[in-house]
$ cat input_34.txt   # compact mmCIF, C-alpha atoms
# COMPACT_ATOMS: atom_id res chain seq x y z
CA MET A 14 103.00 102.51 80.27
CA THR A 15 105.21 99.47 80.75
CA ARG A 16 105.17 97.00 77.90
CA SER A 17 107.03 93.74 77.52
CA LYS A 18 106.85 90.89 75.04
CA THR A 19 106.63 88.21 77.70
CA LEU A 20 105.82 87.91 81.36
CA CYS A 21 107.83 85.00 82.71
CA TYR A 22 107.31 85.59 86.44
CA SER A 23 106.05 82.60 88.43
CA LEU A 24 105.81 81.67 92.07
CA PRO A 25 107.57 78.62 93.51
CA LEU A 26 105.34 75.56 93.63
CA GLU A 27 105.35 75.34 97.43
CA SER A 28 104.37 79.01 97.70
CA ARG A 29 101.60 78.64 95.13
CA ARG A 30 100.02 75.84 97.17
CA ARG A 31 99.64 78.12 100.17
CA HIS A 32 97.78 80.83 98.28
CA THR A 33 94.02 81.07 97.99
CA THR A 34 92.61 81.28 94.47
CA MET A 35 90.16 83.67 92.86
CA ARG A 36 88.59 83.66 89.44
CA VAL A 37 87.81 85.99 86.57
CA ILE A 38 84.04 86.33 86.51
CA ALA A 39 83.24 87.34 82.92
CA GLY A 40 84.65 88.19 79.50
CA SER A 41 87.42 86.66 77.42
CA LEU A 42 89.21 85.28 80.50
CA LYS A 43 86.08 84.00 82.25
CA GLY A 44 86.86 81.23 84.73
CA ARG A 45 90.61 81.86 84.75
CA ARG A 46 92.02 81.15 88.20
CA LEU A 47 94.06 83.87 89.90
CA LEU A 48 96.32 83.64 92.90
CA GLY A 49 94.96 85.25 96.03
CA PRO A 50 96.91 86.48 99.05
CA ARG A 51 98.30 84.38 101.87
CA ARG A 52 98.34 87.30 104.30
CA SER A 53 95.15 88.46 106.01
CA ASP A 54 96.07 92.13 105.57
CA LEU A 55 95.94 91.77 101.78
CA ARG A 56 92.17 91.82 101.41
CA PRO A 57 90.88 90.74 97.98
CA THR A 58 87.56 92.05 96.70
CA SER A 59 84.87 89.39 97.13
CA ASP A 60 83.10 87.99 94.06
CA GLN A 61 79.84 89.62 95.23
CA VAL A 62 81.42 93.07 95.42
CA LYS A 63 83.34 92.52 92.18
CA GLU A 64 80.11 91.61 90.38
CA ALA A 65 78.46 94.73 91.78
CA LEU A 66 81.42 96.92 90.84
CA PHE A 67 81.32 95.82 87.21
CA SER A 68 77.55 96.11 87.12
CA ILE A 69 78.00 99.78 88.06
CA ALA A 70 80.95 100.39 85.72
CA GLY A 71 79.89 98.08 82.89
CA ALA A 72 78.97 100.75 80.33
CA TRP A 73 82.37 102.43 80.68
CA ILE A 74 84.62 99.35 80.47
CA PRO A 75 84.75 98.43 76.73
CA ASN A 76 87.76 100.13 75.13
CA ALA A 77 88.41 102.13 78.32
CA ALA A 78 91.67 103.30 79.80
CA VAL A 79 91.48 102.06 83.39
CA LEU A 80 93.50 103.10 86.43
CA ASP A 81 93.59 100.51 89.24
CA LEU A 82 94.84 102.21 92.42
CA TYR A 83 95.90 100.05 95.39
CA ALA A 84 95.73 97.22 92.86
CA GLY A 85 96.67 94.37 95.21
CA THR A 86 96.74 91.09 93.30
CA GLY A 87 95.47 92.78 90.13
CA ALA A 88 92.12 90.98 90.12
CA ILE A 89 90.05 94.10 89.39
CA GLY A 90 92.25 95.36 86.57
CA ILE A 91 92.47 91.88 85.05
CA GLU A 92 88.67 91.62 85.20
CA ALA A 93 88.47 94.95 83.36
CA LEU A 94 90.84 93.68 80.64
CA SER A 95 88.78 90.49 80.34
CA ARG A 96 85.67 92.62 79.81
CA GLY A 97 87.21 94.68 77.03
CA ALA A 98 89.22 97.50 78.60
CA ARG A 99 91.82 98.88 76.17
CA ARG A 100 94.55 99.24 78.79
CA VAL A 101 94.99 99.13 82.55
CA THR A 102 97.57 100.84 84.75
CA PHE A 103 98.11 99.09 88.09
CA VAL A 104 99.49 101.04 91.06
CA GLU A 105 100.65 99.04 94.09
CA SER A 106 103.41 99.43 96.68
CA ASP A 107 103.32 96.16 98.66
CA PRO A 108 106.06 93.76 97.43
CA ALA A 109 104.03 90.61 98.14
CA ALA A 110 101.01 92.00 96.29
CA LEU A 111 103.21 93.04 93.36
CA ARG A 112 104.58 89.50 93.07
CA LEU A 113 101.02 88.15 92.94
CA LEU A 114 99.95 90.82 90.46
CA ARG A 115 102.76 89.93 88.07
CA ALA A 116 102.10 86.21 88.50
CA ASN A 117 98.39 86.70 87.74
CA LEU A 118 99.14 88.73 84.62
CA ALA A 119 101.43 85.91 83.50
CA ARG A 120 98.71 83.32 84.21
CA CYS A 121 96.40 85.27 81.92
CA ALA A 122 99.09 85.92 79.27
CA LEU A 123 98.49 89.65 79.61
CA SER A 124 101.36 91.94 78.63
CA HIS A 125 100.14 94.43 76.02
CA GLY A 126 97.94 97.19 77.35
CA VAL A 127 99.35 96.72 80.85
CA GLY A 128 101.35 99.16 82.96
CA ILE A 129 102.63 98.58 86.50
CA HIS A 130 103.78 101.33 88.85
CA ALA A 131 105.47 99.88 91.92
CA GLY A 132 105.05 102.60 94.50
CA ARG A 133 102.63 104.48 96.70
CA VAL A 134 99.45 105.88 95.20
CA GLY A 135 100.11 109.39 96.49
CA LYS A 136 103.52 109.51 94.83
CA PHE A 137 102.07 108.24 91.53
CA LEU A 138 99.24 110.80 91.54
CA ARG A 139 101.57 113.68 92.37
CA HIS A 140 103.97 112.77 89.54
CA ARG A 141 102.30 113.80 86.28
CA ALA A 142 104.95 112.21 84.07
CA SER A 143 103.91 108.72 85.26
CA TRP A 144 100.19 109.07 84.54
CA ASN A 145 99.78 108.00 80.90
CA GLY A 146 96.24 109.42 81.19
CA PRO A 147 93.59 110.52 80.85
CA TYR A 148 91.64 107.59 82.28
CA ASP A 149 88.01 106.72 81.63
CA VAL A 150 87.60 104.59 84.76
CA VAL A 151 89.43 104.84 88.09
CA PHE A 152 89.14 102.05 90.67
CA ALA A 153 90.51 102.64 94.16
CA ASP A 154 90.61 100.15 97.03
CA PRO A 155 92.66 101.91 99.73
CA PRO A 156 93.63 100.23 103.00
CA TYR A 157 90.43 99.29 104.76
CA ALA A 158 88.95 101.98 107.02
CA SER A 159 91.78 104.39 106.16
CA GLU A 160 90.26 107.87 106.18
CA GLU A 161 93.72 109.33 105.63
CA GLU A 162 94.09 107.61 102.26
CA LEU A 163 90.59 108.70 101.21
CA ILE A 164 91.39 112.30 102.11
CA GLY A 165 94.61 111.94 100.15
CA LEU A 166 92.71 110.70 97.10
CA ALA A 167 90.40 113.69 97.31
CA ASN A 168 93.41 116.01 97.19
CA TRP A 169 95.59 114.10 94.74
CA LEU A 170 93.13 113.22 91.97
CA ASP A 171 93.80 115.89 89.38
CA GLU A 172 91.76 117.32 86.51
CA GLY A 173 94.26 116.08 83.93
CA LEU A 174 94.14 112.50 85.16
CA VAL A 175 90.53 111.77 84.17
CA ALA A 176 88.64 112.01 80.88
CA ASP A 177 85.64 114.31 80.48
CA ASP A 178 83.14 111.47 80.96
CA ALA A 179 85.19 109.55 83.52
CA ILE A 180 83.94 107.74 86.59
CA ALA A 181 85.73 106.70 89.77
CA ILE A 182 84.63 103.91 92.09
CA VAL A 183 86.06 103.62 95.59
CA GLU A 184 85.78 100.44 97.65
CA HIS A 185 85.77 101.13 101.38
CA ALA A 186 84.48 99.99 104.76
CA SER A 187 80.80 100.87 105.04
CA LYS A 188 81.39 102.71 108.32
CA THR A 189 84.20 104.84 106.90
CA PRO A 190 83.08 108.31 105.73
CA VAL A 191 84.08 109.18 102.17
CA PRO A 192 84.80 112.65 100.75
CA GLU A 193 82.22 114.61 98.78
CA MET A 194 84.74 115.24 96.00
CA LEU A 195 87.65 113.36 94.45
CA GLY A 196 89.47 116.14 92.65
CA PRO A 197 87.07 117.19 89.85
CA LEU A 198 84.65 114.31 90.53
CA ILE A 199 81.64 114.56 92.80
CA ARG A 200 80.11 111.78 94.86
CA ILE A 201 76.99 110.43 93.15
CA ARG A 202 75.89 107.37 95.10
CA SER A 203 77.06 104.66 97.49
CA TYR A 204 76.14 100.98 97.30
CA ARG A 205 76.41 98.91 100.46
CA TYR A 206 77.20 95.18 100.62
CA GLY A 207 77.44 94.35 104.30
CA ASP A 208 80.68 95.70 105.75
CA THR A 209 81.88 96.86 102.30
CA SER A 210 80.58 99.75 100.21
CA LEU A 211 81.27 101.07 96.72
CA THR A 212 81.00 104.81 96.15
CA LEU A 213 80.63 106.21 92.63
CA TYR A 214 82.03 109.58 91.53
CA ARG A 215 81.48 111.58 88.32
CA ARG A 216 82.08 115.10 87.10
CA GLN A 217 79.63 117.73 88.26
CA GLY A 218 76.82 118.20 85.79
CA GLU A 219 77.25 114.80 84.13
CA VAL A 220 74.02 112.77 84.06
CA GLY A 221 72.80 109.54 82.55
CA ARG A 222 74.09 105.98 82.56
CA ILE A 223 74.07 105.83 86.35
CA PRO A 224 72.88 102.37 87.49

$ encode --input "input_34.txt" --output "structure tokens"
Amino acid sequence: MTRSKTLCYSLPLESRRRHTTMRVIAGSLKGRRLLGPRRSDLRPTSDQVKEALFSIAGAWIPNAAVLDLYAGTGAIGIEALSRGARRVTFVESDPAALRLLRANLARCALSHGVGIHAGRVGKFLRHRASWNGPYDVVFADPPYASEEELIGLANWLDEGLVADDAIAIVEHASKTPVPEMLGPLIRIRSYRYGDTSLTLYRRQGEVGRIP
């Protein structure tokens, strides 16, 4: 886990003006504005889907260790920290998204309990020494409609990465098929919100607390 006393990263004023803004929905940082992407291929999670995601995951978030895969601007992991997560590890490879992620963490004065892995998700998941697990909650928002990344997640997500009572939630295009299993986790249910769906995974045999 990467820790630092201060996060001093900021975007130039002219660049900041060109970025869309998002907000933290609930918790200690409620209402805090976050920088959104300028590029259309960096697709932030809508407020509707974010609300739904945390409605599904709400019981697991307080004091949880959270893994945010394909973290983008960091909005989901920051929302988890605002709602009481103990720590969040962000994994992102896109340089522009990483700049926004670091800027948003700085906006929220978040440094402790934060880890950033600048690289591809597959490389992170295959390298045990970088995990800092196990994780209670795994969020994954792979490139939209990318079946290849979803298949990769199914193969890469390892037993040692997730806690015994862990959940994983994958955001994906509603028309994109998702795997039955993500490593040791089995698909429980999908929730559709127009073109976007959230699919929930848990360990086989685990019951209860499913929204």

$ closest_atom_pairs --input "input_34.txt" --of "segment 35-103 of chain A" --to "segment 147-158 of chain A" --cutoff "10 Å" --atoms "all atoms listed in the file" --output "JSON lines"
{"residue": "A:Asp54", "atom": "CA", "partner": "A:Pro156", "partner_atom": "CA", "distance": 8.8}
{"residue": "A:Leu55", "atom": "CA", "partner": "A:Pro156", "partner_atom": "CA", "distance": 8.9}
{"residue": "A:Arg56", "atom": "CA", "partner": "A:Tyr157", "partner_atom": "CA", "distance": 8.4}
{"residue": "A:Pro57", "atom": "CA", "partner": "A:Asp154", "partner_atom": "CA", "distance": 9.5}
{"residue": "A:Thr58", "atom": "CA", "partner": "A:Asp154", "partner_atom": "CA", "distance": 8.7}
{"residue": "A:Leu66", "atom": "CA", "partner": "A:Phe152", "partner_atom": "CA", "distance": 9.3}
{"residue": "A:Ala70", "atom": "CA", "partner": "A:Val150", "partner_atom": "CA", "distance": 7.9}
{"residue": "A:Trp73", "atom": "CA", "partner": "A:Val150", "partner_atom": "CA", "distance": 7.0}
{"residue": "A:Ile74", "atom": "CA", "partner": "A:Val150", "partner_atom": "CA", "distance": 7.4}
{"residue": "A:Asn76", "atom": "CA", "partner": "A:Asp149", "partner_atom": "CA", "distance": 9.3}
{"residue": "A:Ala77", "atom": "CA", "partner": "A:Asp149", "partner_atom": "CA", "distance": 5.7}
{"residue": "A:Ala78", "atom": "CA", "partner": "A:Tyr148", "partner_atom": "CA", "distance": 5.0}
{"residue": "A:Val79", "atom": "CA", "partner": "A:Val150", "partner_atom": "CA", "distance": 4.8}
{"residue": "A:Leu80", "atom": "CA", "partner": "A:Val151", "partner_atom": "CA", "distance": 4.7}
{"residue": "A:Asp81", "atom": "CA", "partner": "A:Phe152", "partner_atom": "CA", "distance": 4.9}
{"residue": "A:Leu82", "atom": "CA", "partner": "A:Ala153", "partner_atom": "CA", "distance": 4.7}
{"residue": "A:Tyr83", "atom": "CA", "partner": "A:Asp154", "partner_atom": "CA", "distance": 5.5}
{"residue": "A:Ala84", "atom": "CA", "partner": "A:Asp154", "partner_atom": "CA", "distance": 7.2}
{"residue": "A:Gly85", "atom": "CA", "partner": "A:Asp154", "partner_atom": "CA", "distance": 8.6}
{"residue": "A:Ile89", "atom": "CA", "partner": "A:Phe152", "partner_atom": "CA", "distance": 8.1}
{"residue": "A:Gly90", "atom": "CA", "partner": "A:Phe152", "partner_atom": "CA", "distance": 8.4}
{"residue": "A:Ala93", "atom": "CA", "partner": "A:Val150", "partner_atom": "CA", "distance": 9.8}
{"residue": "A:Ala98", "atom": "CA", "partner": "A:Val150", "partner_atom": "CA", "distance": 9.5}
{"residue": "A:Arg100", "atom": "CA", "partner": "A:Tyr148", "partner_atom": "CA", "distance": 9.5}
{"residue": "A:Val101", "atom": "CA", "partner": "A:Tyr148", "partner_atom": "CA", "distance": 9.1}
{"residue": "A:Thr102", "atom": "CA", "partner": "A:Tyr148", "partner_atom": "CA", "distance": 9.3}
{"residue": "A:Phe103", "atom": "CA", "partner": "A:Phe152", "partner_atom": "CA", "distance": 9.8}

$ closest_residue --input "input_34.txt" --among "A:Ala88, A:Leu211, A:Ala72, A:Val104" --to "Ala186 of chain A" --atoms "only C-alpha atoms"
A:Leu211

$ residues_around --input "input_34.txt" --residues "His140 of chain A" --least-positions-apart "2" --cutoff "12 Å" --atoms "all atoms listed in the file" --output "JSON, numbers by chain"
{"A": [130, 132, 133, 134, 135, 136, 137, 138, 142, 143, 144, 145, 146, 169, 170, 171, 173, 174]}

$ atom_distance --input "input_34.txt" --atom1 "atom CA of Arg141 of chain A" --atom2 "atom CA of Pro192 of chain A"
22.7 Å

$ closest_residue --input "input_34.txt" --among "A:Ala110, A:Ile69, A:Leu163, A:Ala176" --to "Ile201 of chain A" --atoms "all atoms listed in the file"
A:Ile69

$ closest_residue --input "input_34.txt" --among "A:Arg115, A:Arg139, A:Lys188, A:Arg46" --to "Asp208 of chain A" --atoms "all atoms listed in the file"
A:Lys188

$ closest_residue --input "input_34.txt" --among "A:Leu48, A:Ile182, A:Val62, A:Arg205" --to "Ala116 of chain A" --atoms "all atoms listed in the file"
A:Leu48
